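protein-v9.cif follows (mmCIF, C-alpha atoms):
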data_final
loop_
_atom_site.label_atom_id
_atom_site.label_comp_id
_atom_site.auth_asym_id
_atom_site.auth_seq_id
_atom_site.Cartn_x
_atom_site.Cartn_y
_atom_site.Cartn_z
CA MET A 1419 131.54 122.53 147.38
CA THR A 1420 133.30 125.90 147.29
CA THR A 1421 137.02 126.32 147.87
CA VAL A 1422 136.44 129.58 149.73
CA GLY A 1423 137.52 129.31 153.33
CA LYS A 1424 139.61 126.15 152.92
CA LYS A 1425 142.63 126.33 155.17
CA ILE A 1426 145.90 124.50 154.54
CA LEU A 1427 148.72 123.96 157.02
CA ILE A 1428 152.14 123.37 155.48
CA VAL A 1429 154.71 122.10 157.99
CA SER A 1430 158.40 122.33 157.08
CA THR A 1431 161.58 121.03 158.61
CA SER A 1432 163.59 123.38 160.81
CA ALA A 1433 166.81 121.38 160.49
CA SER A 1434 169.74 122.82 158.55
CA GLU A 1435 171.83 119.66 158.69
CA MET A 1436 171.57 115.89 158.89
CA GLU A 1437 174.48 114.05 160.47
CA GLY A 1438 176.77 116.92 159.53
CA HIS A 1439 175.45 117.09 155.96
CA PRO A 1440 174.12 120.60 155.14
CA THR A 1441 170.46 120.42 154.17
CA GLY A 1442 167.07 121.95 155.00
CA LEU A 1443 163.80 122.32 153.11
CA TRP A 1444 163.78 121.33 149.44
CA LEU A 1445 162.15 124.52 148.20
CA GLU A 1446 160.27 123.11 145.17
CA GLU A 1447 158.35 120.80 147.50
CA LEU A 1448 156.89 123.76 149.36
CA ALA A 1449 156.77 126.35 146.57
CA ALA A 1450 154.79 124.34 143.99
CA PRO A 1451 152.14 123.23 146.52
CA TYR A 1452 151.99 126.75 148.00
CA TYR A 1453 151.04 128.27 144.65
CA THR A 1454 148.68 125.41 143.83
CA PHE A 1455 146.81 126.09 147.06
CA VAL A 1456 146.88 129.88 146.71
CA GLU A 1457 145.59 129.66 143.14
CA ALA A 1458 142.76 127.43 144.39
CA GLY A 1459 141.73 130.23 146.73
CA TYR A 1460 142.92 128.55 149.91
CA ASP A 1461 144.27 130.26 153.01
CA VAL A 1462 147.79 128.88 153.57
CA THR A 1463 149.66 128.84 156.88
CA ILE A 1464 153.34 127.84 156.92
CA ALA A 1465 154.64 126.29 160.13
CA SER A 1466 157.84 124.47 160.99
CA VAL A 1467 159.10 122.16 163.68
CA LYS A 1468 160.70 124.93 165.73
CA GLY A 1469 159.05 128.03 164.26
CA GLY A 1470 160.90 131.04 162.89
CA PRO A 1471 162.97 131.06 159.69
CA VAL A 1472 163.16 127.85 157.66
CA PRO A 1473 166.57 126.76 156.33
CA ILE A 1474 166.58 126.06 152.60
CA ASP A 1475 168.75 123.36 151.08
CA GLN A 1476 171.11 125.33 148.85
CA ASN A 1477 170.99 122.65 146.18
CA SER A 1478 167.27 123.35 145.74
CA VAL A 1479 167.98 126.97 144.76
CA SER A 1480 170.75 125.96 142.36
CA GLU A 1481 170.43 124.84 138.75
CA PRO A 1482 169.04 122.53 137.51
CA PHE A 1483 166.83 122.13 140.60
CA PHE A 1484 165.76 125.78 140.96
CA THR A 1485 162.31 125.39 139.38
CA ASP A 1486 160.07 128.16 138.11
CA ASP A 1487 157.83 127.89 141.19
CA ALA A 1488 160.87 128.03 143.48
CA LYS A 1489 162.17 131.12 141.67
CA LYS A 1490 158.73 132.74 141.87
CA PHE A 1491 158.61 132.00 145.59
CA MET A 1492 161.99 133.57 146.28
CA HIS A 1493 160.86 136.77 144.52
CA ASP A 1494 157.51 136.82 146.34
CA GLY A 1495 157.81 139.06 149.38
CA ALA A 1496 154.70 137.68 151.08
CA ALA A 1497 155.79 134.07 150.55
CA VAL A 1498 159.37 134.65 151.74
CA GLY A 1499 157.99 136.57 154.70
CA MET A 1500 155.88 133.58 155.71
CA LEU A 1501 158.85 131.23 155.37
CA SER A 1502 160.95 133.57 157.50
CA HIS A 1503 158.37 133.83 160.30
CA THR A 1504 156.81 130.39 160.55
CA LYS A 1505 154.66 129.26 163.43
CA ALA A 1506 156.00 126.48 165.65
CA VAL A 1507 153.96 123.36 165.02
CA ALA A 1508 153.67 122.76 168.77
CA ASP A 1509 151.61 125.95 169.04
CA LEU A 1510 149.03 124.56 166.61
CA VAL A 1511 148.40 121.13 168.13
CA GLY A 1512 145.46 122.06 170.35
CA ASP A 1513 142.86 122.99 167.74
CA VAL A 1514 144.53 121.92 164.50
CA ALA A 1515 141.60 119.79 163.27
CA GLU A 1516 139.18 122.66 163.87
CA SER A 1517 141.48 125.22 162.23
CA PHE A 1518 142.64 123.42 159.07
CA ASP A 1519 141.21 121.25 156.31
CA ALA A 1520 144.52 119.68 155.32
CA VAL A 1521 148.12 119.35 156.44
CA PHE A 1522 150.93 119.12 153.87
CA LEU A 1523 154.48 117.97 154.65
CA PRO A 1524 157.17 118.98 152.12
CA GLY A 1525 160.53 117.28 152.23
CA GLY A 1526 164.19 118.02 152.07
CA HIS A 1527 166.71 115.95 153.99
CA GLY A 1528 166.18 118.22 157.01
CA THR A 1529 163.11 116.10 157.69
CA CYS A 1530 165.44 113.17 158.36
CA ALA A 1531 166.61 115.07 161.44
CA ASP A 1532 163.42 116.59 162.88
CA PHE A 1533 160.41 114.78 161.38
CA VAL A 1534 161.48 111.71 163.38
CA GLY A 1535 162.22 111.01 167.05
CA ASP A 1536 161.71 113.36 169.99
CA ALA A 1537 161.94 116.50 167.84
CA ALA A 1538 158.80 115.43 165.98
CA VAL A 1539 156.41 114.77 168.88
CA ALA A 1540 154.24 117.82 168.11
CA LEU A 1541 154.31 117.16 164.36
CA HIS A 1542 153.21 113.58 164.88
CA LYS A 1543 150.38 114.76 167.13
CA VAL A 1544 149.20 117.17 164.43
CA VAL A 1545 149.25 114.45 161.76
CA GLU A 1546 147.50 111.90 163.97
CA THR A 1547 144.84 114.43 164.99
CA MET A 1548 144.15 115.45 161.39
CA PHE A 1549 144.02 111.84 160.22
CA ALA A 1550 141.66 110.83 163.03
CA ALA A 1551 139.40 113.77 162.17
CA ASN A 1552 139.22 112.56 158.53
CA LYS A 1553 141.06 115.64 157.30
CA VAL A 1554 143.47 115.45 154.36
CA VAL A 1555 147.04 114.46 155.24
CA ALA A 1556 149.61 114.91 152.46
CA ALA A 1557 153.37 114.51 152.22
CA VAL A 1558 155.91 114.50 149.41
CA CYS A 1559 159.42 113.09 148.90
CA HIS A 1560 161.00 112.97 152.40
CA GLY A 1561 157.88 114.53 153.91
CA PRO A 1562 156.54 111.02 154.68
CA MET A 1563 159.35 110.81 157.25
CA GLY A 1564 156.77 112.64 159.35
CA LEU A 1565 154.28 109.78 158.92
CA THR A 1566 156.56 107.01 160.13
CA GLY A 1567 156.22 108.03 163.78
CA CYS A 1568 152.43 108.28 163.65
CA VAL A 1569 149.81 105.78 164.76
CA LYS A 1570 146.07 105.35 164.23
CA GLY A 1571 143.10 103.86 166.04
CA GLU A 1572 142.75 102.36 169.49
CA GLU A 1573 145.23 99.65 168.57
CA LYS A 1574 147.90 102.30 167.80
CA LEU A 1575 148.81 100.71 164.48
CA PRO A 1576 151.28 102.49 162.20
CA LEU A 1577 149.34 105.23 160.42
CA VAL A 1578 150.45 103.99 156.99
CA LYS A 1579 149.57 100.33 157.59
CA ASP A 1580 147.51 98.91 154.70
CA LEU A 1581 147.48 102.25 152.88
CA LYS A 1582 148.98 103.01 149.46
CA VAL A 1583 151.90 105.41 149.76
CA ALA A 1584 154.61 106.94 147.62
CA ALA A 1585 157.83 108.42 149.00
CA PHE A 1586 161.49 108.97 148.17
CA THR A 1587 162.71 105.56 147.12
CA ASP A 1588 165.70 103.61 148.35
CA SER A 1589 167.18 103.77 144.85
CA GLU A 1590 166.77 107.55 144.74
CA GLU A 1591 168.49 107.79 148.13
CA ALA A 1592 171.37 105.75 146.77
CA ALA A 1593 171.51 107.98 143.70
CA VAL A 1594 172.06 111.09 145.83
CA GLY A 1595 174.67 109.28 147.93
CA LEU A 1596 172.97 109.69 151.31
CA THR A 1597 172.02 106.12 152.15
CA GLU A 1598 174.49 106.07 155.03
CA LYS A 1599 173.42 109.50 156.37
CA VAL A 1600 169.66 109.07 156.71
CA PRO A 1601 168.29 107.57 159.95
CA PHE A 1602 166.58 104.87 157.90
CA LEU A 1603 165.61 104.28 154.29
CA LEU A 1604 162.13 105.72 153.92
CA GLU A 1605 160.76 103.25 151.41
CA SER A 1606 161.98 100.31 153.50
CA LYS A 1607 160.55 101.80 156.71
CA LEU A 1608 157.13 102.35 155.16
CA LYS A 1609 157.05 98.75 153.91
CA GLU A 1610 158.16 97.56 157.36
CA GLN A 1611 155.19 99.40 158.84
CA GLY A 1612 152.80 97.61 156.52
CA ALA A 1613 152.28 100.31 153.91
CA ILE A 1614 151.50 99.37 150.33
CA HIS A 1615 154.41 101.21 148.78
CA GLU A 1616 154.13 102.21 145.13
CA SER A 1617 156.84 103.86 143.06
CA GLY A 1618 157.61 105.09 139.59
CA ASP A 1619 161.01 105.26 137.97
CA ASP A 1620 163.60 107.36 139.79
CA TRP A 1621 162.81 111.09 139.42
CA SER A 1622 159.47 110.42 137.72
CA GLU A 1623 156.15 111.89 138.86
CA LYS A 1624 154.30 109.48 141.15
CA VAL A 1625 151.47 110.20 143.60
CA CYS A 1626 149.28 107.87 145.63
CA VAL A 1627 145.85 108.74 147.00
CA ASP A 1628 144.30 106.39 149.56
CA GLY A 1629 141.26 107.86 151.26
CA LYS A 1630 142.39 111.20 152.70
CA LEU A 1631 146.12 110.31 152.58
CA VAL A 1632 148.03 111.80 149.64
CA THR A 1633 151.73 111.07 149.11
CA GLY A 1634 154.27 111.87 146.42
CA GLN A 1635 157.57 110.23 145.55
CA ASN A 1636 159.99 113.08 144.88
CA PRO A 1637 160.33 116.79 143.99
CA GLN A 1638 158.91 116.04 140.55
CA SER A 1639 155.68 114.94 142.26
CA SER A 1640 155.18 118.08 144.35
CA LYS A 1641 152.64 119.87 142.18
CA LEU A 1642 150.56 116.78 141.39
CA CYS A 1643 150.52 115.89 145.09
CA ALA A 1644 149.06 119.32 145.88
CA GLU A 1645 146.59 119.07 142.99
CA LYS A 1646 145.28 115.80 144.44
CA VAL A 1647 144.74 117.58 147.77
CA VAL A 1648 142.71 120.22 145.94
CA GLU A 1649 140.64 117.48 144.26
CA LEU A 1650 139.88 115.89 147.62
CA LEU A 1651 138.89 119.19 149.21
CA GLY A 1652 136.60 120.02 146.29
#

Rendering of file as structure tokens:
Amino acid sequence: MTTVGKKILIVSTSASEMEGHPTGLWLEELAAPYYTFVEAGYDVTIASVKGGPVPIDQNSVSEPFFTDDAKKFMHDGAAVGMLSHTKAVADLVGDVAESFDAVFLPGGHGTCADFVGDAAVALHKVVETMFAANKVVAAVCHGPMGLTGCVKGEEKLPLVKDLKVAAFTDSEEAAVGLTEKVPFLLESKLKEQGAIHESGDDWSEKVCVDGKLVTGQNPQSSKLCAEKVVELLG
């Protein structure tokens, strides 16, 4: 199967704060997958919850977190242009399964504000539609926040129920001191919804693939998560 013509939708947070804590997109989690997909010959579209410019968590463009892919992205006029003029995810709901082969959700604590609740209705619809159409659904770090509000099948079961998933762990959340700021602990929520949660050591690379669902634990897992998407798409 050729990679030519494969289309990837990356959906980012639009939130610049979480409960008063400055945040946004964690750039590595978009930049590394973006280049993985581009190098595979894929057509990449970047969308966000609200559309328009995406706020970047300043910590993700500061050492030691400012990775080579993140630096490359910030010096890439085409890439920065896409991140500055994203499509609103609500505008893509109607024909998303016909238009894209995979959807990828990067993290950043901004997702804790707008990948959940009423702000995420359109995002959840996109994920549910792609999953139901047997398209690839991928998320890394806090990106799986966007899975917790999704359901599957006629019984409307949690989308992650009985599936292997990786995501930012409760211990990693404690390590960054934001346990009391997040709406819920992601690992605990996924387990509550019946997911088979798997994790590596804090800040180690860990990715789960279960059918067409691909999830990664943390920023260190961003590239491998994207590479697994490429493997699935062939």

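Nearest to Pro1637 of chain A of all the residues A:Asp1461, A:Glu1572, A:Glu1437, A:Glu1623 is A:Glu1623, counting all atoms listed in the file.
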
Please enclose the listed atoms of segment 1546-1565 of chain A in an axis-aligned box, pad each side by 3 Å, and write out the centre and the three edge lengths in Å, rounded to one decimal, as lines of an AutoDock Vina configuration file.
center_x = 150.1
center_y = 112.7
center_z = 156.9
size_x = 27.8
size_y = 11.9
size_z = 22.1

Taken to one decimal, the atom CA of Ser1589 of chain A-atom CA of Gly1618 of chain A distance is 11.0 Å

Tell me which protein, DNA and RNA residues are within 10 Å of Asn1552 of chain A, counting all atoms listed in the file, leaving out same-chain ones fewer than 2 positions away, and put them as a list in words. Ala1515, Asp1519, Ala1520, Glu1546, Thr1547, Met1548, Phe1549, Ala1550, Val1554, Val1555, Gly1629, Lys1630 and Leu1631 of chain A

Would you mind exporting the chosen residues as an mmCIF file, in the frame of the given file, restricted to C-alpha atoms?
data_model
loop_
_atom_site.group_PDB
_atom_site.id
_atom_site.type_symbol
_atom_site.label_atom_id
_atom_site.label_comp_id
_atom_site.auth_asym_id
_atom_site.auth_seq_id
_atom_site.Cartn_x
_atom_site.Cartn_y
_atom_site.Cartn_z
ATOM 1 C CA ALA A 1515 141.600 119.790 163.270
ATOM 2 C CA ASP A 1519 141.210 121.250 156.310
ATOM 3 C CA ALA A 1520 144.520 119.680 155.320
ATOM 4 C CA GLU A 1546 147.500 111.900 163.970
ATOM 5 C CA THR A 1547 144.840 114.430 164.990
ATOM 6 C CA MET A 1548 144.150 115.450 161.390
ATOM 7 C CA PHE A 1549 144.020 111.840 160.220
ATOM 8 C CA ALA A 1550 141.660 110.830 163.030
ATOM 9 C CA VAL A 1554 143.470 115.450 154.360
ATOM 10 C CA VAL A 1555 147.040 114.460 155.240
ATOM 11 C CA GLY A 1629 141.260 107.860 151.260
ATOM 12 C CA LYS A 1630 142.390 111.200 152.700
ATOM 13 C CA LEU A 1631 146.120 110.310 152.580
#

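Comparing the minimum interatomic distances between Ser1639 of chain A and each of A:Leu1448, A:Leu1427, A:Leu1604, A:Leu1577, counting all atoms listed in the file, we find that A:Leu1448 sits nearest.
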
Skipping near chain neighbours, those fewer than 2 positions away, what residues fall within 12 Å of Tyr1452 of chain A using all atoms listed in the file, listed as a PyMOL selection string? chain A and resi 1425-1430+1445-1450+1454-1464+1487-1488+1490-1491+1494+1496-1498+1500-1501+1521-1524+1640-1641+1643-1645+1647-1648

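The space separating atom CA of Gly1612 of chain A from atom CA of Gly1535 of chain A comes to 19.5 Å.
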